[in-house]
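A.B. asks: Data: run-v7.cif, mmCIF, C-alpha atoms.
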```
data_coords
#
loop_
_atom_site.label_atom_id
_atom_site.label_comp_id
_atom_site.auth_asym_id
_atom_site.auth_seq_id
_atom_site.Cartn_x
_atom_site.Cartn_y
_atom_site.Cartn_z
CA MET F 1097 20.50 28.60 -22.95
CA LEU F 1098 22.61 29.40 -25.91
CA SER F 1099 23.66 26.39 -27.78
CA ARG F 1100 24.72 25.41 -31.25
CA ALA F 1101 23.68 22.01 -32.44
CA LYS F 1102 25.50 22.17 -35.67
CA GLU F 1103 27.81 24.44 -37.60
CA GLY F 1104 26.15 27.35 -39.25
CA ALA F 1105 22.96 27.09 -37.27
CA ARG F 1106 21.58 30.13 -35.53
CA PRO F 1107 21.94 30.18 -31.77
CA ALA F 1108 18.90 28.91 -29.94
CA ARG F 1109 16.69 31.43 -28.25
CA LEU F 1110 16.34 31.53 -24.54
CA ASP F 1111 14.10 28.85 -23.14
CA ARG F 1112 10.93 30.58 -22.03
CA ASP F 1113 10.85 28.58 -18.79
CA ARG F 1114 14.49 29.16 -18.06
CA GLY F 1115 13.82 31.54 -15.16
CA LEU F 1116 11.28 29.29 -13.49
CA VAL F 1117 13.46 26.23 -13.93
CA GLU F 1118 16.48 27.99 -12.48
CA ALA F 1119 14.43 29.17 -9.52
CA ALA F 1120 13.10 25.65 -8.96
CA ARG F 1121 16.61 24.25 -9.11
CA ARG F 1122 17.79 26.75 -6.52
CA ASP F 1123 14.76 26.22 -4.32
CA PRO F 1124 12.54 23.17 -5.03
CA ALA F 1125 9.61 25.00 -3.44
CA CYS F 1126 9.54 27.22 -6.55
CA PHE F 1127 8.61 24.16 -8.60
CA ASP F 1128 5.05 25.11 -7.76
CA ALA F 1129 5.06 27.79 -10.47
CA LEU F 1130 6.01 25.25 -13.14
CA TYR F 1131 3.45 22.84 -11.76
CA ARG F 1132 0.64 25.40 -11.96
CA LYS F 1133 1.71 26.41 -15.42
CA TYR F 1134 1.68 22.94 -16.93
CA LEU F 1135 -0.86 21.09 -14.80
CA ALA F 1136 -3.77 21.45 -17.21
CA GLN F 1137 -1.63 20.53 -20.21
CA VAL F 1138 -0.23 17.39 -18.64
CA TYR F 1139 -3.59 16.42 -17.22
CA SER F 1140 -5.32 16.95 -20.57
CA TYR F 1141 -2.75 14.86 -22.36
CA ALA F 1142 -3.18 12.06 -19.83
CA TYR F 1143 -6.95 12.37 -19.89
CA TYR F 1144 -7.27 12.25 -23.67
CA GLU F 1145 -4.93 9.28 -23.79
CA LEU F 1146 -6.31 7.31 -20.85
CA ARG F 1147 -9.95 8.45 -21.09
CA ASP F 1148 -10.45 8.22 -17.37
CA HIS F 1149 -10.29 11.01 -14.81
CA HIS F 1150 -8.83 8.88 -12.05
CA ALA F 1151 -6.19 7.33 -14.25
CA ALA F 1152 -5.34 10.78 -15.59
CA GLU F 1153 -4.97 12.13 -12.06
CA ASP F 1154 -2.69 9.26 -11.09
CA ALA F 1155 -0.59 9.75 -14.20
CA THR F 1156 -0.41 13.51 -13.64
CA GLU F 1157 0.74 13.01 -10.09
CA ARG F 1158 3.48 10.64 -11.16
CA VAL F 1159 4.60 12.96 -13.92
CA PHE F 1160 5.06 15.94 -11.61
CA MET F 1161 6.61 13.92 -8.81
CA GLN F 1162 9.11 12.44 -11.27
CA ALA F 1163 9.78 15.88 -12.70
CA LEU F 1164 10.42 17.30 -9.24
CA ALA F 1165 12.70 14.42 -8.35
CA GLY F 1166 14.54 14.61 -11.67
CA LEU F 1167 14.90 18.38 -11.85
CA PRO F 1168 18.58 18.35 -10.81
CA LYS F 1169 19.32 16.15 -13.84
CA PHE F 1170 17.23 18.25 -16.17
CA GLU F 1171 20.09 20.26 -17.67
CA GLU F 1172 22.00 17.20 -18.82
CA ARG F 1173 18.98 15.80 -20.54
CA VAL F 1174 18.28 19.08 -22.26
CA ASP F 1175 21.85 19.14 -23.51
CA ASP F 1176 21.37 15.64 -24.85
CA PHE F 1177 18.13 16.69 -26.46
CA ILE F 1178 19.74 19.69 -28.13
CA ALA F 1179 22.76 17.70 -29.21
CA SER F 1180 20.62 14.99 -30.73
CA ARG F 1181 18.29 17.38 -32.47
CA SER F 1182 18.84 20.60 -34.30
CA VAL F 1183 15.31 21.90 -34.02
CA THR F 1184 15.99 24.53 -31.41
CA THR F 1185 18.70 26.18 -33.38
CA GLU F 1186 16.96 26.49 -36.68
CA SER F 1187 15.05 29.47 -37.79
CA GLY F 1188 11.31 29.56 -38.12
CA PRO F 1189 8.33 30.16 -35.95
CA ASP F 1190 9.00 27.07 -33.83
CA SER F 1191 12.10 28.35 -32.15
CA ALA F 1192 10.24 31.07 -30.27
CA GLU F 1193 7.88 28.49 -28.80
CA ILE F 1194 10.45 25.99 -27.66
CA SER F 1195 10.38 25.17 -24.02
CA THR F 1196 12.88 22.49 -23.26
CA PHE F 1197 11.31 22.04 -19.85
CA ARG F 1198 7.92 21.40 -21.42
CA VAL F 1199 9.46 18.92 -23.85
CA TRP F 1200 11.21 17.18 -21.00
CA LEU F 1201 8.01 17.18 -18.90
CA PHE F 1202 5.97 15.75 -21.74
CA ARG F 1203 8.56 13.10 -22.39
CA ILE F 1204 7.98 11.98 -18.82
CA ALA F 1205 4.22 12.21 -19.40
CA HIS F 1206 4.55 10.22 -22.60
CA ASN F 1207 6.37 7.42 -20.77
CA VAL F 1208 4.01 7.46 -17.80
CA VAL F 1209 0.93 7.36 -20.02
CA ALA F 1210 2.42 4.60 -22.17
CA ASN F 1211 3.08 2.54 -19.05
CA GLU F 1212 -0.40 3.24 -17.79
CA ARG F 1213 -1.96 2.17 -21.06
CA ARG F 1214 0.09 -1.01 -21.09
CA ARG F 1215 -0.97 -1.74 -17.55
CA ASP F 1216 -4.65 -0.99 -18.05
CA ARG F 1217 -5.06 -2.62 -21.44
CA GLY F 1218 -8.51 -4.09 -21.65
CA ARG F 1219 -9.92 -2.12 -18.77
CA ILE F 1220 -13.32 -0.57 -19.31
CA VAL F 1221 -13.02 3.19 -19.34
CA THR F 1222 -15.35 6.14 -19.12
CA PRO F 1223 -16.26 7.64 -22.46
CA LEU F 1224 -14.31 10.74 -23.26
CA GLU F 1225 -17.51 12.55 -24.18
CA GLU F 1226 -17.60 13.65 -20.54
CA ALA F 1227 -14.94 16.15 -21.42
CA ALA F 1228 -17.44 18.05 -23.52
CA GLU F 1229 -19.67 18.47 -20.50
CA LEU F 1230 -16.91 20.15 -18.55
CA SER F 1231 -16.79 23.06 -20.89
CA ALA F 1232 -20.36 22.94 -22.08
CA PRO F 1233 -22.33 26.17 -21.84
CA ASP F 1234 -25.59 26.46 -19.92
CA ASP F 1235 -27.72 26.57 -23.03
CA VAL F 1236 -29.06 23.07 -23.49
CA ALA F 1237 -29.40 23.18 -27.27
CA GLU F 1238 -25.97 24.70 -27.67
CA SER F 1239 -24.61 22.18 -25.20
CA ALA F 1240 -26.11 19.28 -27.13
CA ALA F 1241 -24.75 20.64 -30.40
CA ALA F 1242 -21.32 21.14 -28.86
CA ARG F 1243 -21.37 17.62 -27.47
CA GLU F 1244 -22.39 16.25 -30.84
CA ALA F 1245 -19.58 18.11 -32.56
CA PHE F 1246 -17.12 17.04 -29.92
CA SER F 1247 -18.29 13.47 -30.19
CA ALA F 1248 -17.83 13.46 -33.96
CA ALA F 1249 -14.41 15.05 -33.73
CA TRP F 1250 -13.28 12.83 -30.94
CA HIS F 1251 -14.51 9.63 -32.53
CA ALA F 1252 -12.60 10.57 -35.63
CA VAL F 1253 -9.47 11.12 -33.51
CA ALA F 1254 -10.04 8.00 -31.44
CA ARG F 1255 -10.03 5.87 -34.57
CA LEU F 1256 -6.57 7.07 -35.51
CA PRO F 1257 -3.49 4.92 -34.95
CA GLN F 1258 -1.73 5.66 -31.67
CA ASP F 1259 1.13 7.79 -32.98
CA ARG F 1260 -1.16 9.95 -35.11
CA ARG F 1261 -3.58 10.37 -32.24
CA ARG F 1262 -0.81 11.46 -29.90
CA ALA F 1263 0.46 13.93 -32.41
CA ILE F 1264 -3.04 15.36 -32.82
CA ILE F 1265 -3.56 15.65 -29.06
CA LEU F 1266 -0.22 17.33 -28.53
CA ARG F 1267 -0.98 19.65 -31.41
CA PHE F 1268 -4.56 20.66 -30.77
CA VAL F 1269 -5.04 20.13 -27.04
CA ASP F 1270 -1.60 21.16 -25.81
CA GLU F 1271 -0.93 23.51 -28.72
CA MET F 1272 2.62 22.36 -29.27
CA SER F 1273 4.85 23.18 -32.18
CA THR F 1274 5.96 20.53 -34.62
CA ALA F 1275 9.46 20.65 -33.15
CA GLU F 1276 8.18 20.00 -29.65
CA ILE F 1277 5.99 17.12 -30.78
CA ALA F 1278 8.92 15.67 -32.67
CA ALA F 1279 11.10 15.87 -29.58
CA ILE F 1280 8.46 14.27 -27.39
CA LEU F 1281 7.62 11.45 -29.76
CA GLY F 1282 11.26 10.92 -30.69
CA ARG F 1283 10.73 11.53 -34.40
CA SER F 1284 11.97 14.00 -36.93
CA GLU F 1285 10.00 17.13 -37.65
CA GLY F 1286 9.32 15.91 -41.15
CA ALA F 1287 7.88 12.67 -39.80
CA VAL F 1288 5.62 14.62 -37.44
CA ARG F 1289 4.39 16.83 -40.28
CA VAL F 1290 3.51 13.71 -42.24
CA LEU F 1291 1.82 12.21 -39.17
CA LEU F 1292 -0.27 15.34 -38.67
CA HIS F 1293 -1.12 15.58 -42.32
CA ARG F 1294 -2.30 11.97 -42.53
CA ALA F 1295 -4.16 12.27 -39.27
CA LEU F 1296 -5.97 15.40 -40.43
CA ARG F 1297 -6.88 13.75 -43.70
CA SER F 1298 -8.37 10.76 -41.84
CA VAL F 1299 -10.28 13.08 -39.51
CA ALA F 1300 -11.55 15.09 -42.47
CA ASP F 1301 -12.77 11.94 -44.18
CA ASP F 1302 -14.49 10.79 -41.00
CA LEU F 1303 -16.13 14.15 -40.42
CA ARG F 1304 -17.32 14.25 -44.03
CA ALA F 1305 -18.79 10.77 -43.65
CA HIS F 1306 -20.41 11.81 -40.40
CA LEU F 1307 -22.00 14.87 -41.97
CA SER F 1308 -23.27 12.97 -44.95
CA MET W 252 -4.88 34.91 -33.99
CA ALA W 253 -1.14 34.96 -34.31
CA ALA W 254 -1.01 31.47 -32.92
CA ASP W 255 -3.52 30.33 -35.53
CA GLN W 256 -1.46 31.89 -38.27
CA ARG W 257 1.61 30.20 -36.92
CA ARG W 258 -0.09 26.84 -36.72
CA VAL W 259 -1.45 27.11 -40.22
CA SER W 260 1.98 27.98 -41.51
CA GLU W 261 3.35 24.84 -39.90
CA PHE W 262 1.00 22.47 -41.60
CA PRO W 263 2.02 20.70 -44.76
CA VAL W 264 2.09 22.75 -47.89
CA ASP W 265 -1.02 21.26 -49.44
CA VAL W 266 -3.14 22.25 -46.45
CA ASP W 267 -3.77 25.54 -48.16
CA MET W 268 -5.06 23.66 -51.16
CA ASP W 269 -7.21 21.20 -49.31
CA PRO W 270 -10.13 22.92 -47.60
CA ALA W 271 -11.27 19.63 -46.04
CA ILE W 272 -8.08 19.32 -44.04
CA ARG W 273 -8.25 22.95 -43.06
CA LEU W 274 -11.83 22.43 -41.91
CA ALA W 275 -10.82 19.34 -39.93
CA ALA W 276 -8.03 21.31 -38.25
CA ARG W 277 -10.48 24.04 -37.34
CA GLU W 278 -12.95 21.48 -35.97
CA LEU W 279 -10.31 19.82 -33.86
CA ARG W 280 -9.02 23.11 -32.53
CA ALA W 281 -12.55 24.06 -31.47
CA ASP W 282 -13.67 20.71 -30.13
CA LEU W 283 -10.66 19.18 -28.43
CA VAL W 284 -10.84 21.30 -25.33
CA ARG W 285 -8.17 21.39 -22.69
CA VAL W 286 -9.42 19.70 -19.56
CA HIS W 287 -8.51 20.96 -16.12
CA PRO W 288 -8.43 18.65 -13.12
CA SER W 289 -10.49 19.36 -10.05
CA PHE W 290 -9.39 22.11 -7.69
CA ARG W 291 -9.21 19.56 -4.90
CA PHE W 292 -6.80 17.37 -6.84
CA GLU W 293 -4.73 20.37 -7.86
CA GLU W 294 -4.30 21.55 -4.29
CA ALA W 295 -3.66 18.05 -2.95
CA LEU W 296 -0.93 17.46 -5.50
CA ALA W 297 0.51 20.91 -4.82
CA ALA W 298 0.74 20.00 -1.14
CA ARG W 299 2.44 16.71 -2.01
CA LEU W 300 4.90 18.48 -4.26
CA ALA W 301 5.61 21.02 -1.55
CA ALA W 302 6.33 18.16 0.85
CA GLY W 303 8.55 16.59 -1.78
CA ALA W 304 10.34 19.91 -2.23
CA MET W 305 10.98 20.07 1.49
CA ARG W 306 12.44 16.59 1.38
CA LEU W 307 14.66 17.59 -1.52
CA ARG W 308 15.81 20.65 0.38
CA ALA W 309 16.65 18.40 3.31
CA GLY W 310 18.71 16.20 1.00
CA LEU W 311 16.20 13.33 0.98
CA ARG W 312 14.70 11.53 -1.97
CA VAL W 313 11.24 12.30 -3.26
CA GLU W 314 8.90 9.39 -2.89
CA ILE W 315 7.13 8.51 -6.13
CA ALA W 316 4.20 6.14 -6.22
CA GLU W 317 4.89 3.35 -8.66
CA ALA W 318 2.51 2.63 -11.50
CA GLU W 319 2.29 -1.10 -11.46
CA VAL W 320 -0.46 -2.80 -9.50
CA VAL W 321 0.80 -5.37 -7.06
CA PRO W 322 -1.84 -7.77 -5.77
CA ALA W 323 -2.45 -7.37 -2.09
CA THR W 324 -0.69 -9.94 0.04
CA PRO W 325 -3.21 -12.10 1.90
CA GLY W 326 -3.26 -11.40 5.59
CA THR W 327 -1.51 -8.04 5.36
CA MET W 328 -2.11 -6.05 8.51
CA SER W 329 -2.90 -2.36 8.37
CA PRO W 330 -0.82 -0.21 10.69
CA PHE W 331 -2.79 1.13 13.63
CA PRO W 332 -1.71 4.34 15.27
CA SER W 333 -0.34 3.83 18.73
CA HIS W 334 0.80 6.11 21.51
CA SER W 335 4.21 4.59 22.00
CA PRO W 336 6.99 6.10 19.91
CA ALA W 337 8.32 2.64 19.10
CA ALA W 338 4.97 1.55 17.81
CA GLN W 339 4.74 4.73 15.76
CA GLY W 340 7.99 3.87 14.09
CA ASP W 341 6.70 0.38 13.43
CA ALA W 342 3.54 1.78 11.93
CA VAL W 343 5.51 3.96 9.53
CA THR W 344 7.77 1.12 8.46
CA ALA W 345 4.93 -1.39 8.38
CA MET W 346 3.13 0.51 5.60
CA SER W 347 3.34 -1.93 2.75
CA PRO W 348 4.71 -0.38 -0.45
CA ALA W 349 2.42 -2.76 -2.31
CA ALA W 350 -0.59 -1.19 -0.66
CA ALA W 351 0.77 2.24 -1.50
CA ARG W 352 1.12 1.28 -5.12
CA THR W 353 -2.39 -0.03 -5.47
CA GLU W 354 -3.86 3.30 -4.35
CA PRO W 355 -1.71 6.17 -5.49
CA GLN W 356 -4.12 8.73 -4.07
CA ALA W 357 -3.74 7.16 -0.64
CA ALA W 358 -0.03 6.60 -1.00
CA PRO W 359 1.89 7.44 2.14
CA SER W 360 3.43 10.63 0.91
CA ALA W 361 5.99 12.47 2.97
CA SER W 362 3.39 14.75 4.50
CA ALA W 363 1.15 11.82 5.36
CA LEU W 364 4.01 10.00 7.00
CA ARG W 365 4.90 13.10 8.92
CA ARG W 366 1.31 13.42 10.06
CA LEU W 367 1.09 9.83 11.23
CA PRO W 368 2.67 10.25 14.68
CA GLU W 369 0.59 13.36 15.18
CA MET W 370 -2.55 11.41 14.39
CA ALA W 371 -1.43 8.70 16.80
CA ALA W 372 -0.83 11.23 19.55
CA ARG W 373 -4.41 12.47 19.35
CA GLN W 374 -6.76 11.46 22.15
CA SER W 375 -8.38 8.26 21.08
CA ARG W 376 -11.92 7.53 22.25
CA PRO W 377 -12.10 3.83 23.03
CA LEU W 378 -14.52 4.37 25.93
CA ILE W 379 -17.34 5.59 23.75
CA VAL W 380 -17.04 2.73 21.37
CA GLY W 381 -16.43 0.27 24.23
CA GLY W 382 -19.31 1.63 26.30
CA VAL W 383 -21.79 1.22 23.51
CA GLY W 384 -20.54 -2.29 22.90
CA VAL W 385 -20.71 -3.31 26.56
CA ALA W 386 -24.20 -1.85 26.99
CA SER W 387 -25.45 -3.59 23.90
CA ALA W 388 -23.94 -6.88 25.04
CA ALA W 389 -25.43 -6.56 28.52
CA ILE W 390 -28.91 -5.89 27.16
CA SER W 391 -28.64 -8.85 24.84
CA ILE W 392 -27.43 -11.16 27.62
CA GLY W 393 -30.25 -9.99 29.91
CA ALA W 394 -32.89 -10.60 27.26
CA VAL W 395 -31.50 -14.04 26.56
CA TYR W 396 -31.46 -14.89 30.26
CA VAL W 397 -35.09 -13.82 30.81
CA ALA W 398 -36.22 -15.82 27.78
CA TRP W 399 -34.30 -18.84 29.04
CA ARG W 400 -35.79 -18.55 32.51
CA HIS W 401 -39.30 -18.49 31.09
CA SER W 402 -38.72 -21.54 28.96
CA HIS W 403 -36.76 -23.48 31.60
CA PRO W 404 -38.54 -23.40 34.99
CA ALA W 405 -36.44 -24.59 37.94
CA SER W 406 -36.85 -28.34 38.52
CA GLY W 407 -35.25 -28.71 41.96
CA ARG W 408 -37.02 -29.13 45.31
CA MET W 409 -36.59 -25.50 46.18
CA GLY W 410 -38.10 -24.55 42.87
CA ARG W 411 -41.11 -26.76 43.35
CA ALA W 412 -41.58 -25.45 46.89
CA ALA W 413 -41.34 -21.87 45.70
CA ARG W 414 -43.82 -22.48 42.91
CA THR W 415 -46.24 -24.24 45.29
CA ALA W 416 -46.00 -21.46 47.85
CA HIS W 417 -46.39 -18.84 45.19
CA GLY W 418 -49.36 -20.68 43.72
CA ARG W 419 -51.08 -21.07 47.07
CA ALA W 420 -50.52 -17.51 48.09
CA SER W 421 -51.76 -16.19 44.80
CA SER W 422 -54.84 -18.49 44.75
CA ARG W 423 -55.64 -17.50 48.33
CA ARG W 424 -55.24 -13.88 47.39
CA ARG W 425 -57.47 -14.31 44.34
CA THR W 426 -60.14 -16.14 46.42
CA GLY W 427 -60.08 -13.42 49.06
CA VAL W 428 -60.53 -10.70 46.48
CA ILE W 429 -63.46 -12.53 44.85
CA ASN W 430 -65.13 -13.20 48.19
CA GLY W 431 -64.67 -9.57 49.13
CA ILE W 432 -66.38 -8.49 45.97
CA LEU W 433 -69.24 -10.92 46.42
CA GLY W 434 -69.61 -10.09 50.15
CA VAL W 435 -69.06 -13.65 51.29
CA VAL W 436 -67.86 -13.93 54.84
CA SER W 437 -66.03 -17.10 55.61
#
```
Starting from the file, lay out its structure as structure tokens.
C.D. replies:
Amino acid sequence: MLSRAKEGARPARLDRDRGLVEAARRDPACFDALYRKYLAQVYSYAYYELRDHHAAEDATERVFMQALAGLPKFEERVDDFIASRSVTTESGPDSAEISTFRVWLFRIAHNVVANERRRDRGRIVTPLEEAAELSAPDDVAESAAAREAFSAAWHAVARLPQDRRRAIILRFVDEMSTAEIAAILGRSEGAVRVLLHRALRSVADDLRAHLS
Amino acid sequence: MAADQRRVSEFPVDVDMDPAIRLAARELRADLVRVHPSFRFEEALAARLAAGAMRLRAGLRVEIAEAEVVPATPGTMSPFPSHSPAAQGDAVTAMSPAAARTEPQAAPSASALRRLPEMAARQSRPLIVGGVGVASAAISIGAVYVAWRHSHPASGRMGRAARTAHGRASSRRRTGVINGILGVVS
């Protein structure tokens, strides 16, 4: 996918999912590879946002079904995305990490989760601390310490405003680049950097207060 | 390691100067774990996607469960599998989309809809269920009848005659037994 968003910009690198996407477009059965690759990421995003396993599963299902159904239109949207943003064509460490398919998939996830949150506003949800148990080691003391640390970190994140929290989740759970987060949230890279910076400062203050 | 370096380089410039923010970033990276769904869910969704892919290949639309919850319509009937092909078609079309939306896990996906006639064609077992029901009902009716007979003795002439004859015969029999024991010869 070579494209120039603006004059003088370097050509974008090849999308790392290009091969899988092309295969899935030729034969929808090949979508399975993309599904397996991004299942945990999409599910984690939904889970951290919705804080409920069942709701996260429902959202994940809708995301992948919509992605499968919309795959034939994927190219047009990517072109729009590239035309509207110059992030993929600029130099820097981000460009190597860009996956337009992942951005597109997470845009779907972002919309699905936003709808789900709107729909379930006010519903009692399971505490997210359960997530710590999933990856907790067998050692009880270590497990308790890990849960405590997770709890402190998560409570600090949970107190953040919605846009900062989403940016943090995309950054630290899904390990996305600033450019990808910007594309998903529909903001400029500079705005995302500011979001992350403010969010980290809030989390740092909370963690310091927790420790003291 | 390289990823960490890259991430650090992406943070705002003053991150390097503020150890608290750097510490917070490290904490978050360590504590906000990626969560994986259950294997069962993963495989179930993979099967649904495969069915959706087959539909796409056949030129059909992929069915996507909607997010909004629609309250169940009062008196909505659930489709019941039947042997007749016409009824099978009815059952497929009678599946309320509202019901599908309320339970996305149980939504009638393409594979489920394809399985429906197959499920209907399976040998049903109404006799076992019916037999147990009939036997239970018969026992209950019998018990009720016996209890009623005990509490409502017959009041007609024939009934009185039968009771009298029965009473005489039994008293004569009892007297004979007692006399036999005592050695009384009448």
A.B. asks: Please write the residues picked by the PyMOL selection byres ((chain W) within 6 of (chain F)) on this file as a ChimeraX atom specification.
C.D. replies: /W:271-272,275,280,282-283,285-287,301,304,313
A.B. asks: Work out how far apart CA of Arg1112 in chain F and CA of Thr1196 in chain F are and give it in Å to one decimal.
C.D. replies: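 According to the coordinates, CA of Arg1112 in chain F and CA of Thr1196 in chain F are separated by 8.4 Å.
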A.B. asks: Provide the CA of Arg1147 in chain F to CA of Glu278 in chain W distance in Å, to one decimal place.
C.D. replies: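 Separating CA of Arg1147 in chain F from CA of Glu278 in chain W is a distance of 20.0 Å.
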A.B. asks: CA of Leu1201 in chain F and CA of Tyr1134 in chain F, how far apart in Å?
C.D. replies: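 Computed distance, CA of Tyr1134 in chain F to CA of Leu1201 in chain F, equals 8.8 Å.
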